[in-house]
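Source file: final_5.txt (compact mmCIF, C-alpha atoms)
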# COMPACT_ATOMS: atom_id res chain seq x y z
CA MET Y 1 47.40 36.15 48.02
CA HIS Y 2 44.34 38.13 47.08
CA LYS Y 3 44.63 39.37 43.52
CA GLN Y 4 43.65 43.01 43.22
CA VAL Y 5 40.88 43.73 40.73
CA LEU Y 6 42.46 46.84 39.33
CA THR Y 7 43.27 46.31 35.71
CA GLY Y 8 39.87 47.38 34.43
CA GLY Y 9 40.70 51.02 34.94
CA LEU Y 10 38.43 51.83 37.86
CA PRO Y 11 39.33 52.72 41.46
CA PRO Y 12 40.50 50.02 43.89
CA LYS Y 13 38.71 48.90 47.00
CA PRO Y 14 39.79 50.73 50.17
CA ALA Y 15 41.71 48.62 52.65
CA ALA Y 16 39.34 49.26 55.55
CA ALA Y 17 36.58 51.58 54.41
CA PRO Y 18 33.07 50.08 54.66
CA ALA Y 19 30.44 51.06 52.13
CA SER Y 20 28.60 54.10 53.36
CA THR Y 21 26.72 57.10 52.09
CA LYS Y 22 28.16 59.19 54.91
CA PRO Y 23 31.42 61.12 54.64
CA LEU Y 24 34.45 59.90 56.52
CA SER Y 25 34.88 61.51 59.91
CA GLY Y 26 37.35 61.38 62.74
CA MET Y 27 40.34 60.64 60.53
CA LYS Y 28 43.50 62.12 61.99
CA PHE Y 29 46.16 63.48 59.66
CA THR Y 30 49.48 62.19 60.96
CA GLN Y 31 51.54 63.36 57.95
CA GLU Y 32 51.38 66.14 55.39
CA VAL Y 33 48.27 65.87 53.23
CA SER Y 34 47.78 69.47 52.09
CA VAL Y 35 46.95 69.93 48.42
CA LEU Y 36 49.84 70.89 46.14
CA PRO Y 37 49.28 73.24 43.17
CA TRP Y 38 49.41 72.03 39.59
CA GLU Y 39 52.10 74.69 38.98
CA SER Y 40 54.54 72.57 40.96
CA CYS Y 41 54.73 70.14 38.02
CA PHE Y 42 53.21 71.83 34.96
CA SER Y 43 54.17 75.19 33.44
CA SER Y 44 50.76 76.34 32.19
CA ARG Y 45 47.10 75.42 31.85
CA LEU Y 46 44.78 76.02 28.90
CA ALA Y 47 41.05 75.91 28.27
CA VAL Y 48 40.61 74.57 24.74
CA CYS Y 49 37.31 75.07 22.91
CA PRO Y 50 37.58 73.13 19.62
CA ARG Y 51 34.50 74.65 17.98
CA GLU Y 52 36.42 77.93 17.78
CA TYR Y 53 38.51 76.29 15.04
CA PRO Y 54 36.24 75.14 12.14
CA ASP Y 55 38.97 73.17 10.38
CA VAL Y 56 39.25 70.87 13.40
CA GLY Y 57 35.93 69.24 12.54
CA TYR Y 58 34.72 68.96 16.12
CA THR Y 59 31.05 67.90 16.25
CA GLY Y 60 30.43 68.66 19.93
CA GLU Y 61 28.80 71.76 21.39
CA ALA Y 62 30.24 75.26 21.02
CA ALA Y 63 30.37 75.59 24.80
CA ASP Y 64 32.53 72.50 25.29
CA SER Y 65 35.84 73.38 26.94
CA PHE Y 66 38.69 70.93 27.57
CA ASN Y 67 41.20 71.56 30.33
CA VAL Y 68 44.81 70.92 29.30
CA TYR Y 69 48.04 70.98 31.34
CA LEU Y 70 51.30 71.75 29.54
CA ALA Y 71 54.97 71.28 30.34
CA GLY Y 72 58.37 70.96 28.70
CA ASN Y 73 59.51 72.65 25.50
CA LEU Y 74 56.28 73.34 23.62
CA LYS Y 75 58.22 73.98 20.40
CA SER Y 76 59.78 70.53 20.52
CA PRO Y 77 59.19 68.29 17.47
CA LEU Y 78 57.83 65.64 19.87
CA VAL Y 79 54.64 65.86 21.93
CA LEU Y 80 53.80 63.36 24.64
CA LEU Y 81 50.00 63.17 24.71
CA LEU Y 82 48.89 61.82 28.10
CA LEU Y 83 45.50 60.12 28.61
CA HIS Y 84 44.40 59.39 32.18
CA GLY Y 85 42.30 56.49 33.46
CA ALA Y 86 38.60 56.50 34.33
CA GLY Y 87 37.95 58.68 37.37
CA PHE Y 88 41.43 60.24 37.29
CA SER Y 89 42.43 63.56 35.65
CA GLY Y 90 45.33 65.16 33.82
CA LEU Y 91 46.89 65.84 37.21
CA SER Y 92 47.48 62.10 37.51
CA TRP Y 93 50.56 62.70 35.31
CA ALA Y 94 51.93 65.62 37.34
CA CYS Y 95 54.84 64.02 39.21
CA MET Y 96 55.86 61.80 36.31
CA THR Y 97 55.87 64.82 33.99
CA ALA Y 98 58.08 66.80 36.36
CA GLU Y 99 60.58 63.92 36.42
CA LEU Y 100 60.52 63.29 32.68
CA ILE Y 101 61.06 66.83 31.42
CA ARG Y 102 64.18 67.14 33.59
CA SER Y 103 65.94 64.56 31.44
CA THR Y 104 64.14 64.55 28.08
CA GLU Y 105 63.56 67.25 25.47
CA CYS Y 106 59.84 67.12 24.62
CA ALA Y 107 56.49 68.84 25.02
CA VAL Y 108 53.89 67.36 27.37
CA VAL Y 109 50.13 67.70 26.87
CA ALA Y 110 47.93 66.19 29.60
CA LEU Y 111 44.22 66.78 29.17
CA ASP Y 112 41.18 66.15 31.33
CA LEU Y 113 38.94 63.84 29.33
CA ARG Y 114 35.22 64.47 28.94
CA GLY Y 115 33.41 64.15 32.27
CA HIS Y 116 36.65 64.46 34.25
CA GLY Y 117 38.68 67.13 36.02
CA LEU Y 118 38.10 70.72 34.92
CA THR Y 119 36.83 69.82 31.44
CA CYS Y 120 33.27 71.07 30.88
CA THR Y 121 31.05 69.61 28.17
CA LEU Y 122 27.28 69.76 27.80
CA GLU Y 123 27.22 65.98 27.23
CA GLU Y 124 29.37 64.41 29.93
CA SER Y 125 27.86 60.93 29.90
CA ASP Y 126 29.15 59.84 26.48
CA LEU Y 127 32.44 58.12 27.28
CA SER Y 128 32.50 55.90 24.22
CA PHE Y 129 35.87 55.66 22.49
CA GLU Y 130 34.33 57.13 19.35
CA ARG Y 131 33.48 60.27 21.28
CA LEU Y 132 36.66 60.39 23.37
CA SER Y 133 38.97 59.81 20.40
CA GLN Y 134 37.33 62.69 18.53
CA ASP Y 135 37.76 64.87 21.62
CA VAL Y 136 41.47 64.07 21.83
CA SER Y 137 41.98 64.65 18.11
CA ALA Y 138 40.13 67.96 18.23
CA VAL Y 139 42.05 69.24 21.25
CA LEU Y 140 45.42 68.45 19.66
CA ALA Y 141 44.35 70.00 16.35
CA SER Y 142 43.23 73.14 18.19
CA LEU Y 143 46.59 73.41 19.93
CA LYS Y 144 48.29 73.17 16.54
CA GLN Y 145 46.08 75.84 14.95
CA LYS Y 146 46.64 78.14 17.91
CA GLY Y 147 50.39 77.63 17.57
CA THR Y 148 50.77 76.23 21.07
CA VAL Y 149 52.55 73.20 19.59
CA ASN Y 150 54.10 72.72 16.14
CA GLU Y 151 51.81 71.82 13.24
CA ASP Y 152 53.92 68.86 12.07
CA VAL Y 153 54.76 67.57 15.54
CA ARG Y 154 55.22 63.86 16.14
CA VAL Y 155 52.93 62.39 18.80
CA PHE Y 156 53.83 59.74 21.35
CA LEU Y 157 50.65 58.47 23.06
CA ILE Y 158 50.78 57.45 26.72
CA GLY Y 159 47.71 56.14 28.49
CA HIS Y 160 46.90 54.64 31.87
CA SER Y 161 44.17 52.03 32.37
CA MET Y 162 41.09 53.20 30.41
CA GLY Y 163 43.33 55.91 28.93
CA GLY Y 164 45.76 53.20 27.84
CA ALA Y 165 42.97 51.37 26.02
CA LEU Y 166 41.99 54.71 24.46
CA ALA Y 167 45.59 55.30 23.35
CA ALA Y 168 45.65 51.87 21.69
CA HIS Y 169 42.35 52.65 19.95
CA ILE Y 170 43.54 56.04 18.70
CA ALA Y 171 46.81 54.58 17.39
CA ALA Y 172 45.12 51.62 15.68
CA GLU Y 173 42.45 53.79 14.04
CA GLY Y 174 44.83 56.62 13.13
CA CYS Y 175 42.60 59.20 14.83
CA VAL Y 176 45.60 61.49 15.43
CA PRO Y 177 48.19 62.20 12.71
CA HIS Y 178 51.93 61.54 13.03
CA ILE Y 179 51.77 59.02 15.89
CA CYS Y 180 55.31 57.69 16.34
CA GLY Y 181 54.79 55.36 19.31
CA THR Y 182 52.57 54.31 22.19
CA CYS Y 183 52.88 53.40 25.85
CA VAL Y 184 50.08 51.59 27.68
CA ILE Y 185 50.21 51.49 31.47
CA ASP Y 186 48.74 48.67 33.58
CA VAL Y 187 45.87 47.48 31.41
CA VAL Y 188 45.55 44.32 29.32
CA GLU Y 189 42.40 42.90 27.76
CA GLY Y 190 42.13 39.55 29.47
CA SER Y 191 42.48 40.62 33.09
CA ALA Y 192 40.54 43.83 32.48
CA MET Y 193 37.53 41.94 31.15
CA ASP Y 194 37.74 39.49 34.04
CA ALA Y 195 37.74 42.38 36.50
CA LEU Y 196 34.58 44.07 35.23
CA SER Y 197 32.23 41.83 37.21
CA GLY Y 198 33.60 43.22 40.47
CA MET Y 199 33.70 46.89 39.54
CA LYS Y 200 30.33 47.86 41.02
CA GLN Y 201 31.30 46.39 44.37
CA ILE Y 202 34.62 48.23 44.28
CA LEU Y 203 32.95 51.54 43.49
CA SER Y 204 30.31 51.00 46.17
CA SER Y 205 33.00 50.42 48.79
CA ARG Y 206 34.51 53.88 48.32
CA PRO Y 207 33.48 56.79 50.54
CA LYS Y 208 30.76 58.77 48.78
CA SER Y 209 32.14 62.07 50.01
CA PHE Y 210 34.85 63.64 52.17
CA THR Y 211 34.78 66.47 54.66
CA SER Y 212 37.81 68.09 52.98
CA GLU Y 213 40.26 67.63 50.14
CA GLU Y 214 42.94 66.78 52.69
CA GLN Y 215 40.82 63.93 53.96
CA ALA Y 216 40.51 62.62 50.42
CA VAL Y 217 44.31 62.67 50.10
CA GLU Y 218 44.62 60.78 53.38
CA TRP Y 219 42.09 58.19 52.23
CA ALA Y 220 43.93 57.69 48.94
CA LEU Y 221 47.17 56.99 50.80
CA LYS Y 222 45.71 54.78 53.53
CA SER Y 223 43.65 52.71 51.09
CA GLY Y 224 46.52 52.22 48.66
CA TYR Y 225 44.62 53.96 45.87
CA ILE Y 226 47.72 56.11 45.40
CA ARG Y 227 50.90 55.09 47.22
CA ASN Y 228 53.09 58.14 46.60
CA ARG Y 229 52.33 60.98 49.03
CA THR Y 230 53.49 63.82 46.78
CA SER Y 231 51.51 62.47 43.86
CA ALA Y 232 48.36 62.09 45.94
CA ARG Y 233 48.70 65.67 47.19
CA VAL Y 234 48.85 67.08 43.68
CA SER Y 235 46.53 64.70 41.80
CA MET Y 236 43.60 63.87 44.09
CA ILE Y 237 42.15 67.38 43.74
CA GLY Y 238 41.54 66.64 40.05
CA GLN Y 239 39.22 63.77 41.00
CA LEU Y 240 37.09 65.82 43.36
CA SER Y 241 34.21 68.27 43.10
CA LYS Y 242 32.64 70.74 45.51
CA SER Y 243 29.25 69.99 44.03
CA PRO Y 244 27.51 66.60 43.66
CA THR Y 245 26.09 67.82 40.34
CA HIS Y 246 29.52 68.70 38.84
CA SER Y 247 27.90 71.48 36.83
CA GLU Y 248 30.13 74.50 37.37
CA PRO Y 249 33.94 74.66 37.16
CA SER Y 250 35.63 76.62 39.91
CA ILE Y 251 38.44 77.82 37.61
CA PRO Y 252 36.55 80.09 35.19
CA VAL Y 253 37.18 79.83 31.46
CA GLN Y 254 37.67 83.37 30.20
CA PRO Y 255 37.11 85.19 27.98
CA GLY Y 256 33.83 83.69 26.83
CA LEU Y 257 32.99 80.11 25.96
CA GLY Y 258 34.72 79.78 22.63
CA ALA Y 259 38.28 80.89 23.31
CA LEU Y 260 41.54 79.14 23.98
CA THR Y 261 43.19 80.99 26.83
CA GLU Y 262 46.40 80.58 28.79
CA GLU Y 263 46.83 81.52 32.41
CA GLU Y 264 49.86 83.61 33.21
CA GLU Y 265 52.76 81.23 33.56
CA GLU Y 266 54.09 81.24 37.08
CA GLU Y 267 57.53 80.27 38.20
CA ARG Y 268 57.48 76.55 38.96
CA THR Y 269 57.55 75.79 42.66
CA GLU Y 270 58.92 72.68 44.25
CA PRO Y 271 56.30 70.51 45.99
CA GLY Y 272 55.97 71.56 49.60
CA LYS Y 273 57.12 75.17 49.05
CA ARG Y 274 53.68 76.61 48.71
CA ASP Y 275 52.40 79.97 49.83
CA GLU Y 276 49.39 79.95 52.13
CA SER Y 277 47.38 81.91 49.59
CA GLN Y 278 47.95 79.17 47.02
CA GLN Y 279 46.50 76.55 49.31
CA SER Y 280 42.96 77.79 48.81
CA SER Y 281 41.13 74.73 47.57
CA SER Y 282 38.59 76.88 45.74
CA GLN Y 283 41.23 77.60 43.10
CA HIS Y 284 41.56 73.94 42.18
CA SER Y 285 38.19 72.26 42.77
CA PRO Y 286 36.37 71.17 39.60
CA CYS Y 287 33.04 72.64 40.67
CA LYS Y 288 31.94 75.56 42.79
CA GLN Y 289 30.97 74.89 46.37
CA SER Y 290 27.30 74.78 47.22
CA LYS Y 291 26.30 77.26 49.91
CA SER Y 292 24.59 74.51 51.89
CA ASP Y 293 27.23 71.83 51.55
CA SER Y 294 30.91 71.90 52.49
CA LEU Y 295 31.63 68.31 51.49
CA VAL Y 296 33.71 67.23 48.50
CA TYR Y 297 32.55 64.53 46.12
CA TRP Y 298 33.94 62.43 43.29
CA ARG Y 299 34.07 64.48 40.09
CA ALA Y 300 33.29 61.57 37.74
CA ASP Y 301 30.25 59.38 38.33
CA LEU Y 302 31.73 56.07 37.22
CA PHE Y 303 28.50 54.17 37.78
CA LYS Y 304 27.02 56.09 34.85
CA SER Y 305 29.86 54.90 32.61
CA GLU Y 306 29.02 51.21 33.10
CA GLN Y 307 27.54 50.88 29.61
CA PHE Y 308 30.99 51.63 28.16
CA TRP Y 309 33.15 49.37 30.33
CA THR Y 310 33.04 46.34 28.05
CA GLY Y 311 33.58 48.45 24.94
CA TRP Y 312 36.68 50.07 26.43
CA PHE Y 313 38.57 46.81 26.71
CA THR Y 314 37.10 44.52 24.06
CA GLY Y 315 39.69 44.02 21.34
CA LEU Y 316 42.37 45.88 23.28
CA THR Y 317 45.11 43.35 22.51
CA ASN Y 318 44.45 43.44 18.76
CA LYS Y 319 44.34 47.24 18.77
CA PHE Y 320 47.56 47.51 20.75
CA LEU Y 321 49.36 45.16 18.39
CA ALA Y 322 47.78 46.63 15.23
CA PHE Y 323 49.79 49.82 15.53
CA SER Y 324 53.00 49.22 13.59
CA GLY Y 325 55.20 51.66 15.49
CA PRO Y 326 57.21 51.07 18.67
CA LYS Y 327 55.09 50.03 21.64
CA LEU Y 328 55.82 49.95 25.37
CA LEU Y 329 53.73 48.15 28.01
CA LEU Y 330 54.28 49.02 31.67
CA LEU Y 331 52.68 46.73 34.25
CA ALA Y 332 52.57 46.58 38.03
CA GLY Y 333 52.76 42.81 38.03
CA VAL Y 334 53.24 39.78 35.79
CA ASP Y 335 49.77 38.53 36.77
CA ARG Y 336 48.30 41.34 34.65
CA LEU Y 337 49.67 39.77 31.45
CA ASP Y 338 47.23 37.55 29.52
CA LYS Y 339 48.07 34.72 27.12
CA ASP Y 340 47.82 36.67 23.85
CA LEU Y 341 50.10 39.44 25.05
CA THR Y 342 52.55 36.93 26.50
CA VAL Y 343 52.91 35.29 23.11
CA ALA Y 344 53.24 38.65 21.35
CA GLN Y 345 55.86 39.81 23.83
CA MET Y 346 57.90 36.65 23.29
CA GLN Y 347 57.75 37.35 19.56
CA GLY Y 348 59.25 40.80 20.16
CA LYS Y 349 56.20 42.75 19.01
CA PHE Y 350 56.47 45.21 21.88
CA GLN Y 351 58.67 46.06 24.85
CA MET Y 352 57.46 45.32 28.36
CA GLN Y 353 58.60 46.55 31.76
CA ILE Y 354 57.36 45.27 35.14
CA LEU Y 355 57.34 47.63 38.13
CA PRO Y 356 56.26 45.32 40.98
CA LYS Y 357 56.43 47.87 43.79
CA ALA Y 358 53.61 49.93 42.29
CA GLY Y 359 49.85 49.67 42.57
CA HIS Y 360 47.45 50.17 39.68
CA ALA Y 361 48.39 53.86 39.36
CA VAL Y 362 51.94 52.90 38.36
CA HIS Y 363 52.92 56.35 37.07
CA GLU Y 364 51.73 57.98 40.31
CA ASP Y 365 53.26 55.47 42.68
CA LEU Y 366 56.66 55.38 40.95
CA PRO Y 367 56.86 58.56 38.84
CA ASP Y 368 60.66 58.51 38.68
CA LYS Y 369 60.81 54.88 37.53
CA VAL Y 370 58.14 55.40 34.88
CA ALA Y 371 59.89 58.57 33.69
CA ASP Y 372 63.17 56.62 33.40
CA CYS Y 373 61.46 53.86 31.40
CA LEU Y 374 59.91 56.40 29.05
CA ALA Y 375 63.13 58.40 28.64
CA THR Y 376 65.05 55.22 27.81
CA PHE Y 377 62.41 54.10 25.31
CA LEU Y 378 62.20 57.53 23.64
CA ASN Y 379 65.98 57.71 23.41
CA ARG Y 380 66.35 54.18 22.05
CA HIS Y 381 63.97 54.95 19.19
CA LYS Y 382 65.48 58.43 18.69
CA PHE Y 383 62.17 60.17 19.33
CA ALA Y 384 63.72 62.64 21.77
CA GLN Y 385 67.15 63.92 22.72
CA PRO Y 386 68.07 63.22 26.35
CA ASP Y 387 70.00 65.57 28.59
CA PRO Y 388 73.38 63.80 28.92
CA ASN Y 389 73.92 65.35 32.35
CA LYS Y 390 70.70 63.94 33.79
CA PHE Y 391 69.68 60.98 31.69
CA LYS Y 392 70.41 57.52 33.13
CA PRO Y 393 69.02 54.74 30.91
CA THR Y 394 67.19 51.88 32.55
CA VAL Y 395 68.24 48.30 31.88

Write-out of the structure in structure tokens:
Amino acid sequence: MHKQVLTGGLPPKPAAAPASTKPLSGMKFTQEVSVLPWESCFSSRLAVCPREYPDVGYTGEAADSFNVYLAGNLKSPLVLLLLHGAGFSGLSWACMTAELIRSTECAVVALDLRGHGLTCTLEESDLSFERLSQDVSAVLASLKQKGTVNEDVRVFLIGHSMGGALAAHIAAEGCVPHICGTCVIDVVEGSAMDALSGMKQILSSRPKSFTSEEQAVEWALKSGYIRNRTSARVSMIGQLSKSPTHSEPSIPVQPGLGALTEEEEEERTEPGKRDESQQSSSQHSPCKQSKSDSLVYWRADLFKSEQFWTGWFTGLTNKFLAFSGPKLLLLAGVDRLDKDLTVAQMQGKFQMQILPKAGHAVHEDLPDKVADCLATFLNRHKFAQPDPNKFKPTV
């Protein structure tokens, strides 16, 4: 059986999509592929500008603005800080978040990392962990100073793929205070390093553009990039841009460049129950549409991040194990596990859960299963109080 080269944190190869610089055409939508709003899973969205808060110590530009999705009880003593993989966005966590907050008392903070989603920074090409870890620390510190979350809140880091490696780095280096635990999803050092040699080919095999956001959703489902239809409908929009230059966000940050603002919180809607007016893709696309081009493109140029690929995963095992708190590793298959982690797992240094029916985007493909694993883990270590009427611990 062909072993998928997915563990390095970059997009998988489409099942039957030849490399081409032309957009896909002629694809017929046989099932629902309309874009779902972020409000169906998150309660609010913020634009965080860390330079507005001098005590944060952010060294980036004053104009830098980080997009953050929020959910759950924001006054909870526990914050789940979610870090997406390369090319994904904070919306990657949407369905899992909606499942988790139904059974677990916590706050959820899912941000778009530099160069991804609706986050806008003057320097988008620096995706080193030194830069990204400072970004994450500054965003969380800004949320504390603003009073969005509690100052002394405990932080549980959850990361997928490249974001999982980043979570391990942040925990090992102590970049964020009061980290109580970590969860790394579908990335281990050995297989990730082995996969890097094929990443350029995988990226080259993807469509370079789509004629619509709906077509991108359809491609994600048909190629196996994302296997859960609802998740693809809400998360793919965060990976797309109306402009190949990715220079202008379509959701304006107001007022000004240096403020932290919150959109009016709307009543959460169930996926599928969306008003026609909400389906306007211009409200959700990362960049404004060019007058001469109606295509949609990938928001993150992953080819430009090649210089960081090796650095992301080198030393991942040691970093993951260096953190002394409780650790959870979720994998899509046993073949992802390398020798060092196998030995460490047998020694009881971390908990591991295999979810074999998922692809690389485990939390998107099986959001309910991942939410159950997290709720059980958080409850076992008494990080969060479960809802006894809804919580069903996993074995």

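Separating atom CA of Ala71 of chain Y from atom CA of Val108 of chain Y is a distance of 5.0 Å.
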
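Taking all atoms listed in the file into account, Ile237 of chain Y lies nearest to Y:Val217 out of the set Y:Val68, Y:Met96, Y:Val217, Y:Leu355.
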
### Query
segment 305-322 of chain Y: which residues within 10 Å, counting only C-alpha atoms, same-chain residues fewer than 5 positions away excluded, as a PyMOL selection string?
chain Y and resi 8-10+86+115+124-129+161-173+182-184+187-193+196+199-200+300+327-329+338+340-341+344+349-350

How big is the axis-aligned box, and where does its centre sit, when it encloses all atoms of segment 67-81 of chain Y listed in the file and has 5 Å added on every side, reported in Å to one decimal as lines of an AutoDock Vina configuration file?
center_x = 50.5
center_y = 68.6
center_z = 24.4
size_x = 28.6
size_y = 20.8
size_z = 23.9

### Task
Just give me the gap between atom CA of Ser294 of chain Y and atom CA of Ala110 of chain Y in Å, one decimal is fine.
29.1 Å

### Task
Find the spatial neighbours of Glu151 of chain Y, counting only C-alpha atoms, within a cut-off of 12 Å - ignore same-chain residues fewer than 4 positions away - and output them as a PyMOL selection string.
chain Y and resi 74-79+140-147+155+177-178

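Of the residues under consideration (Y:Val139, Y:Leu221, Y:Cys175, Y:Val153), Y:Val139 shows the shortest atom-to-atom contact distance to Glu52 of chain Y when counting only C-alpha atoms.
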
### Task
Select all residues near (37.4, 58.7, 38.2) (cut-off 8 Å, inclusive, file coordinates), counting all atoms listed in the file, and output them as a PyMOL selection string.
chain Y and resi 10-11+85-89+116+239+298-302

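Going from atom CA of Ser137 of chain Y to atom CA of Gly117 of chain Y covers 18.4 Å.
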
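The shortest atom-to-atom distance to Tyr225 of chain Y, with all atoms listed in the file taken into account, belongs to Y:Ala361 out of Y:Val176, Y:Glu123, Y:Trp93, Y:Ala361.
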
## Note on the structure
Of Y:His160, Y:Lys208, Y:Arg233, Y:Arg51, the one nearest to Trp38 of chain Y when counting all atoms listed in the file is Y:Arg233

### Query
Which protein, DNA or RNA residues are at most 6 Å from (50.4, 73.8, 29.5) in the file's coordinates when you count all atoms listed in the file, listed as a list in words?
Ser43, Ser44, Arg45, Tyr69, Leu70 and Ala71 of chain Y

### Query
What lies within 12 Å of Leu366 of chain Y using only C-alpha atoms, ignoring chain neighbours under 3 positions off, as number ranges by chain?
Y: 92-97, 99, 226-232, 330-332, 354-363, 369-373

Just-selected residues, C-alpha atoms written as a short mmCIF file (atom, residue, chain, number, x, y, z; two decimals), in the coordinates of the input:
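Result written to again29.cif:
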data_model
loop_
_atom_site.label_atom_id
_atom_site.label_comp_id
_atom_site.auth_asym_id
_atom_site.auth_seq_id
_atom_site.Cartn_x
_atom_site.Cartn_y
_atom_site.Cartn_z
CA SER Y 92 47.48 62.10 37.51
CA TRP Y 93 50.56 62.70 35.31
CA ALA Y 94 51.93 65.62 37.34
CA CYS Y 95 54.84 64.02 39.21
CA MET Y 96 55.86 61.80 36.31
CA THR Y 97 55.87 64.82 33.99
CA GLU Y 99 60.58 63.92 36.42
CA ILE Y 226 47.72 56.11 45.40
CA ARG Y 227 50.90 55.09 47.22
CA ASN Y 228 53.09 58.14 46.60
CA ARG Y 229 52.33 60.98 49.03
CA THR Y 230 53.49 63.82 46.78
CA SER Y 231 51.51 62.47 43.86
CA ALA Y 232 48.36 62.09 45.94
CA LEU Y 330 54.28 49.02 31.67
CA LEU Y 331 52.68 46.73 34.25
CA ALA Y 332 52.57 46.58 38.03
CA ILE Y 354 57.36 45.27 35.14
CA LEU Y 355 57.34 47.63 38.13
CA PRO Y 356 56.26 45.32 40.98
CA LYS Y 357 56.43 47.87 43.79
CA ALA Y 358 53.61 49.93 42.29
CA GLY Y 359 49.85 49.67 42.57
CA HIS Y 360 47.45 50.17 39.68
CA ALA Y 361 48.39 53.86 39.36
CA VAL Y 362 51.94 52.90 38.36
CA HIS Y 363 52.92 56.35 37.07
CA LYS Y 369 60.81 54.88 37.53
CA VAL Y 370 58.14 55.40 34.88
CA ALA Y 371 59.89 58.57 33.69
CA ASP Y 372 63.17 56.62 33.40
CA CYS Y 373 61.46 53.86 31.40
#

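Nearest residue to Met352 of chain Y, choosing from Y:Cys41, Y:Val234, Y:Ser197, Y:Asp186 and counting only C-alpha atoms: Y:Asp186.
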